[in-house]
Every structure is written in structure tokens, then in C-alpha cells.
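File shown: coords24.tsv (TSV, C-alpha atoms).
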chain	number	residue	atom	x	y	z
A	1	MET	CA	138.94	95.96	148.29
A	2	GLY	CA	140.40	94.68	145.02
A	3	PHE	CA	138.39	91.45	145.28
A	4	VAL	CA	135.16	93.44	145.68
A	5	VAL	CA	135.85	95.50	142.54
A	6	ILE	CA	136.82	92.38	140.56
A	7	GLY	CA	133.68	90.64	141.85
A	8	ILE	CA	131.43	93.53	140.76
A	9	VAL	CA	133.08	93.69	137.32
A	10	LEU	CA	132.72	89.92	136.95
A	11	VAL	CA	129.00	90.05	137.83
A	12	ILE	CA	128.44	92.90	135.33
A	13	CYS	CA	130.28	90.95	132.60
A	14	ILE	CA	128.26	87.78	133.23
A	15	PHE	CA	125.01	89.77	133.23
A	16	THR	CA	125.93	91.52	129.93
A	17	VAL	CA	126.92	88.28	128.20
A	18	THR	CA	123.68	86.63	129.35
A	19	LEU	CA	121.58	89.50	127.95
A	20	VAL	CA	123.43	89.44	124.62
A	21	VAL	CA	122.97	85.68	124.24
A	22	ILE	CA	119.26	85.85	125.12
A	23	ARG	CA	118.68	88.75	122.72
A	24	LYS	CA	120.56	87.01	119.92
A	25	HIS	CA	118.49	83.82	120.27
A	26	SER	CA	115.17	85.67	120.49
A	27	ASN	CA	115.83	87.59	117.23
A	28	GLY	CA	116.83	84.45	115.32
A	29	ASP	CA	113.29	83.13	115.07
A	30	ILE	CA	111.94	86.22	113.25
A	31	LYS	CA	112.54	85.89	109.51
A	32	LEU	CA	111.16	86.21	105.98
A	33	GLU	CA	112.18	84.34	102.82
A	34	VAL	CA	111.02	85.15	99.28
A	35	THR	CA	111.34	83.03	96.11
A	36	ALA	CA	109.98	83.38	92.58
A	37	VAL	CA	108.59	80.49	90.53
A	38	CYS	CA	107.69	80.76	86.84
A	39	GLU	CA	104.19	79.35	86.29
A	40	GLY	CA	104.16	79.47	82.49
A	41	LYS	CA	101.80	81.74	80.54
A	42	ASN	CA	98.17	82.74	80.84
A	43	GLU	CA	95.51	82.81	78.10
A	44	LEU	CA	96.77	86.25	76.99
A	45	ASP	CA	100.28	84.79	76.47
A	46	GLN	CA	101.63	86.78	79.43
A	47	ALA	CA	104.36	85.22	81.58
A	48	ILE	CA	103.20	84.39	85.12
A	49	MET	CA	105.47	84.56	88.18
A	50	LYS	CA	104.40	83.45	91.64
A	51	ILE	CA	106.30	85.23	94.38
A	52	TYR	CA	106.22	82.84	97.36
A	53	PHE	CA	106.99	84.10	100.83
A	54	THR	CA	107.41	82.22	104.11
A	55	PHE	CA	107.80	83.97	107.41
A	56	SER	CA	108.20	83.34	111.09
A	57	ILE	CA	107.42	85.84	113.83
A	58	GLY	CA	108.59	83.58	116.64
A	59	LYS	CA	107.52	84.59	120.12
A	60	LEU	CA	105.46	87.49	118.75
A	61	ALA	CA	102.87	84.87	117.74
A	62	HIS	CA	101.62	84.76	121.32
A	63	ARG	CA	101.06	88.52	121.56
A	64	LYS	CA	98.30	90.69	120.18
A	65	LYS	CA	99.55	91.62	116.72
A	66	ASP	CA	98.71	93.09	113.32
A	67	ILE	CA	100.54	92.25	110.10
A	68	ILE	CA	100.46	94.27	106.90
A	69	GLY	CA	102.19	92.86	103.82
A	70	SER	CA	103.57	94.84	100.93
A	71	ILE	CA	105.03	93.77	97.59
A	72	ASP	CA	107.03	95.80	95.11
A	73	TRP	CA	107.99	94.66	91.62
A	74	SER	CA	109.92	95.66	88.51
A	75	LYS	CA	108.51	97.81	85.76
A	76	GLY	CA	106.48	95.85	83.20
A	77	TRP	CA	104.97	93.42	85.72
A	78	MET	CA	101.48	93.72	87.19
A	79	PRO	CA	100.12	92.04	90.34
A	80	VAL	CA	96.97	90.00	89.86
A	81	CYS	CA	96.13	88.36	93.16
A	82	TYR	CA	97.55	86.95	96.38
A	83	ASN	CA	96.87	83.96	98.59
A	84	LEU	CA	97.72	83.02	102.16
A	85	LYS	CA	97.89	79.60	103.71
A	86	GLU	CA	95.17	79.69	106.37
A	87	ASN	CA	94.53	76.88	108.81
A	88	GLY	CA	97.13	74.78	106.98
A	89	ALA	CA	95.79	75.13	103.40
A	90	TYR	CA	95.67	77.73	100.65
A	91	GLN	CA	92.23	79.29	100.23
A	92	GLU	CA	90.81	81.11	97.20
A	93	ASP	CA	93.00	83.71	95.52
A	94	ARG	CA	92.20	87.27	96.59
A	95	LEU	CA	92.43	90.29	94.34
A	96	LEU	CA	94.96	92.89	95.39
A	97	PRO	CA	93.50	96.29	96.24
A	98	ALA	CA	93.60	98.78	93.36
A	99	THR	CA	96.00	101.67	93.88
A	100	ASN	CA	97.48	104.43	91.78
A	101	GLU	CA	100.93	102.99	92.43
A	102	LYS	CA	102.54	101.07	89.58
A	103	THR	CA	105.37	99.43	91.53
A	104	TYR	CA	103.94	98.32	94.89
A	105	THR	CA	100.75	97.40	96.74
A	106	THR	CA	99.78	96.26	100.23
A	107	PHE	CA	97.65	93.45	101.62
A	108	GLU	CA	96.43	92.35	105.05
A	109	ILE	CA	97.37	89.13	106.80
A	110	ASN	CA	94.74	87.64	109.11
A	111	THR	CA	96.81	86.86	112.18
A	112	THR	CA	94.22	84.45	113.56
A	113	ASN	CA	94.10	82.06	110.60
A	114	ALA	CA	97.31	82.70	108.63
A	115	ILE	CA	99.84	82.05	111.42
A	116	ASP	CA	100.34	78.66	113.08
A	117	HIS	CA	101.01	78.15	116.80
A	118	LEU	CA	104.77	78.45	116.19
A	119	GLY	CA	104.38	81.85	114.53
A	120	ARG	CA	104.93	80.66	110.94
A	121	GLY	CA	102.98	81.54	107.84
A	122	GLU	CA	103.24	81.52	104.07
A	123	GLY	CA	101.63	82.88	100.96
A	124	TYR	CA	102.22	84.05	97.42
A	125	VAL	CA	101.53	86.96	95.09
A	126	VAL	CA	100.90	86.38	91.37
A	127	LEU	CA	102.53	88.77	88.89
A	128	VAL	CA	101.98	88.79	85.12
A	129	LEU	CA	104.27	90.36	82.53
A	130	GLU	CA	101.99	93.06	81.18
A	131	ASP	CA	104.59	95.07	79.27
A	132	PRO	CA	107.73	93.19	78.20
A	133	ILE	CA	110.69	95.50	78.44
A	134	SER	CA	114.26	95.20	77.34
A	135	THR	CA	115.78	94.54	80.77
A	136	VAL	CA	117.42	91.22	81.40
A	137	GLN	CA	116.47	90.90	85.09
A	138	SER	CA	113.30	91.59	87.09
A	139	ARG	CA	112.81	91.60	90.82
A	140	ALA	CA	110.11	91.49	93.46
A	141	GLY	CA	110.34	92.23	97.14
A	142	VAL	CA	108.05	91.50	100.07
A	143	ILE	CA	107.91	93.55	103.25
A	144	LEU	CA	105.96	92.51	106.32
A	145	ALA	CA	105.25	95.03	109.07
A	146	VAL	CA	104.47	93.15	112.30
A	147	THR	CA	103.11	95.34	115.09
A	148	ALA	CA	103.04	93.79	118.57
A	149	ASN	CA	102.78	95.66	121.87
A	150	MET	CA	102.97	99.01	120.03
A	151	VAL	CA	106.36	98.08	118.51
A	152	THR	CA	106.63	97.50	114.75
A	153	TYR	CA	109.11	94.98	113.37
A	154	GLN	CA	109.85	95.16	109.66
A	155	LEU	CA	110.84	92.02	107.77
A	156	SER	CA	111.96	92.24	104.15
A	157	ASP	CA	113.42	90.04	101.45
A	158	SER	CA	113.52	90.08	97.67
A	159	THR	CA	114.22	87.83	94.72
A	160	SER	CA	115.10	88.31	91.07
A	161	TRP	CA	114.82	86.30	87.88
A	162	ASN	CA	115.90	86.32	84.26
A	163	ASN	CA	113.18	87.78	82.01
A	164	ASP	CA	114.18	85.59	79.05
A	165	PHE	CA	113.47	82.49	81.11
A	166	ALA	CA	110.07	83.80	82.23
A	167	VAL	CA	108.99	84.80	78.71
A	168	ASN	CA	110.23	81.63	77.01
A	169	HIS	CA	109.09	79.15	79.70
What would you get if you wrote out this structure as C-alpha cells?
Amino acid sequence: MGFVVIGIVLVICIFTVTLVVIRKHSNGDIKLEVTAVCEGKNELDQAIMKIYFTFSIGKLAHRKKDIIGSIDWSKGWMPVCYNLKENGAYQEDRLLPATNEKTYTTFEINTTNAIDHLGRGEGYVVLVLEDPISTVQSRAGVILAVTANMVTYQLSDSTSWNNDFAVNH
């Protein structure tokens, strides 16, 4: 009788460990990384920052999916446009939709063209320093909402930079 109980407990333990390992490996291929690059100044002498983002949705790439992107930024900065790498190359910059919000906006990601067969994609959002303020640091964050099979996964990451560097670059 003792061997039967030990056998059942052993089978349950093996099954649990297997599920944990499989779940851990399947979540590892879903990620988002955000970086900021100073691009100098525009013709109005405003500092320009490009907020690059790369993402991977792993196995969700093979399911029917929708992706909505969102960017938020520090006070004083204004978004100008965004671009996505589609079919392996950046296309023309797209204007961000006008909203009443002063610290975030959203944009759509075409899941047919903007994601490769491995579930990876990349893009950038251009911010300009419209109103220099006295803060030392600024930040921007990107959030991607990936909906697949009626389940929404939220990926987020952010970056920050020194305003003095951006203004004097």
C-alpha cells in the first residue's frame, strides 16, 4: 500500500515539474525592449529622440492576433511620428493619431507585415522637445497589448535619458 501512495505522489511530482518547466520556457520568448537614441535637432532647434522598441511574441505569432501599441512620455516632449519595420525594412514614417492626451498615444501594428515568422518585430516613435523644462531626466515607455485567442498579453518597458545631453547634442 505504501508503494502505491509513493508511486502516485511521484507521478504527481513529475507531472507538476514538467508543467512548470514547459510554462517557463513558453513565457521566455515573449518580450519587449525599449531604448532611446538622440537624433540631434530639427530645423526648429528642438531636440529629437527616437524611442526604438523590439519585441517578440513567440508562439503567439502563429495564432490569430491583434496588437495595439501605446507610448507615454515625460512632460515637455511631443510625439511626431512612428515607424514599423514591415517585411524586413522600415517604411514611410506615419503620423501618430491626434488625441487630447498630452502624455500618451496609441498606434496599431499590422500583424501581417510587421511581425516575422519567428514572432519578432521592431519600430520606433519620434519625440521632439517642445517645451524644455527644468528636470534633469526624461522617460518614455512603450506598452504592447497582444490579443490572441481572446487572451490579452501586455508587454511593457521604458527608458530614460539625461535632458542636458539631448538638448546639447
Return as a tab-separated table the residues of segment 28-68 of chain A lying at most 10 Å from segment 104-114 of chain A, together with the closest atom-to-atom pair for each and the distance in Å to one decimal, counting all atoms listed in the file, with rows in chain order and ascending residue number.
residue	atom	partner	partner_atom	distance
A:Ala61	CA	A:Thr111	CA	8.5
A:Lys64	CA	A:Thr111	CA	9.0
A:Lys65	CA	A:Thr111	CA	7.1
A:Asp66	CA	A:Thr111	CA	6.6
A:Ile67	CA	A:Ile109	CA	5.5
A:Ile68	CA	A:Glu108	CA	4.8
> Out of A:Met78, A:Leu60, A:Leu96, A:Ile133, which residue has the shortest atom-to-atom distance to Thr147 of chain A when counting all atoms listed in the file?
Replying inline: A:Leu60
>> Env of Gln137 of chain A: 7 Å cut, atoms = all atoms listed in the file, seq-sep filter 4 positions within chain, self excluded. Answer as a VMD selection string.
In response: chain A and resid 160 to 163
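Each of A:Pro97, A:Pro132, A:Gly76, A:Gly141 was checked against Thr35 of chain A using all atoms listed in the file; the smallest atom-to-atom distance is that of A:Gly141.
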> So which one's closest to Gln46 of chain A, A:Ile115, A:Val151, A:Val128, A:Val142? Using only C-alpha atoms, please.
Replying inline: A:Val128
Applying 9 Å and only C-alpha atoms, which residues near Leu32 of chain A remain after dropping the ones on its own chain fewer than 4 positions away? List them as a short mmCIF file (atom, residue, chain, number, x, y, z; two decimals) with C-alpha atoms, keeping the file's coordinate frame.
data_model
loop_
_atom_site.label_atom_id
_atom_site.label_comp_id
_atom_site.auth_asym_id
_atom_site.auth_seq_id
_atom_site.Cartn_x
_atom_site.Cartn_y
_atom_site.Cartn_z
CA PHE A 53 106.99 84.10 100.83
CA THR A 54 107.41 82.22 104.11
CA PHE A 55 107.80 83.97 107.41
CA SER A 56 108.20 83.34 111.09
CA ILE A 57 107.42 85.84 113.83
CA VAL A 142 108.05 91.50 100.07
CA ILE A 143 107.91 93.55 103.25
CA LEU A 144 105.96 92.51 106.32
CA LEU A 155 110.84 92.02 107.77
CA SER A 156 111.96 92.24 104.15
CA ASP A 157 113.42 90.04 101.45
#
> Near Leu84 of chain A, within 9 Å and counting only C-alpha atoms, which residues show up once chain neighbours fewer than 4 positions away are dropped, as a PyMOL selection string?
Replying inline: chain A and resi 89-94+109-110+114+121-125
Writer output for current selection, C-alpha atoms, as a PDB file, keeping the file's coordinate frame:
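Wrote part32.pdb, looks like this:
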ATOM      1  CA  ALA A  89      95.790  75.130 103.400  1.00  0.00           C
ATOM      2  CA  TYR A  90      95.670  77.730 100.650  1.00  0.00           C
ATOM      3  CA  GLN A  91      92.230  79.290 100.230  1.00  0.00           C
ATOM      4  CA  GLU A  92      90.810  81.110  97.200  1.00  0.00           C
ATOM      5  CA  ASP A  93      93.000  83.710  95.520  1.00  0.00           C
ATOM      6  CA  ARG A  94      92.200  87.270  96.590  1.00  0.00           C
ATOM      7  CA  ILE A 109      97.370  89.130 106.800  1.00  0.00           C
ATOM      8  CA  ASN A 110      94.740  87.640 109.110  1.00  0.00           C
ATOM      9  CA  ALA A 114      97.310  82.700 108.630  1.00  0.00           C
ATOM     10  CA  GLY A 121     102.980  81.540 107.840  1.00  0.00           C
ATOM     11  CA  GLU A 122     103.240  81.520 104.070  1.00  0.00           C
ATOM     12  CA  GLY A 123     101.630  82.880 100.960  1.00  0.00           C
ATOM     13  CA  TYR A 124     102.220  84.050  97.420  1.00  0.00           C
ATOM     14  CA  VAL A 125     101.530  86.960  95.090  1.00  0.00           C
TER      15      VAL A 125
END
>> Between atom CA of Thr159 of chain A and atom CA of Ser138 of chain A, what distance in Å does the model show, to one decimal?
In response: 8.6 Å
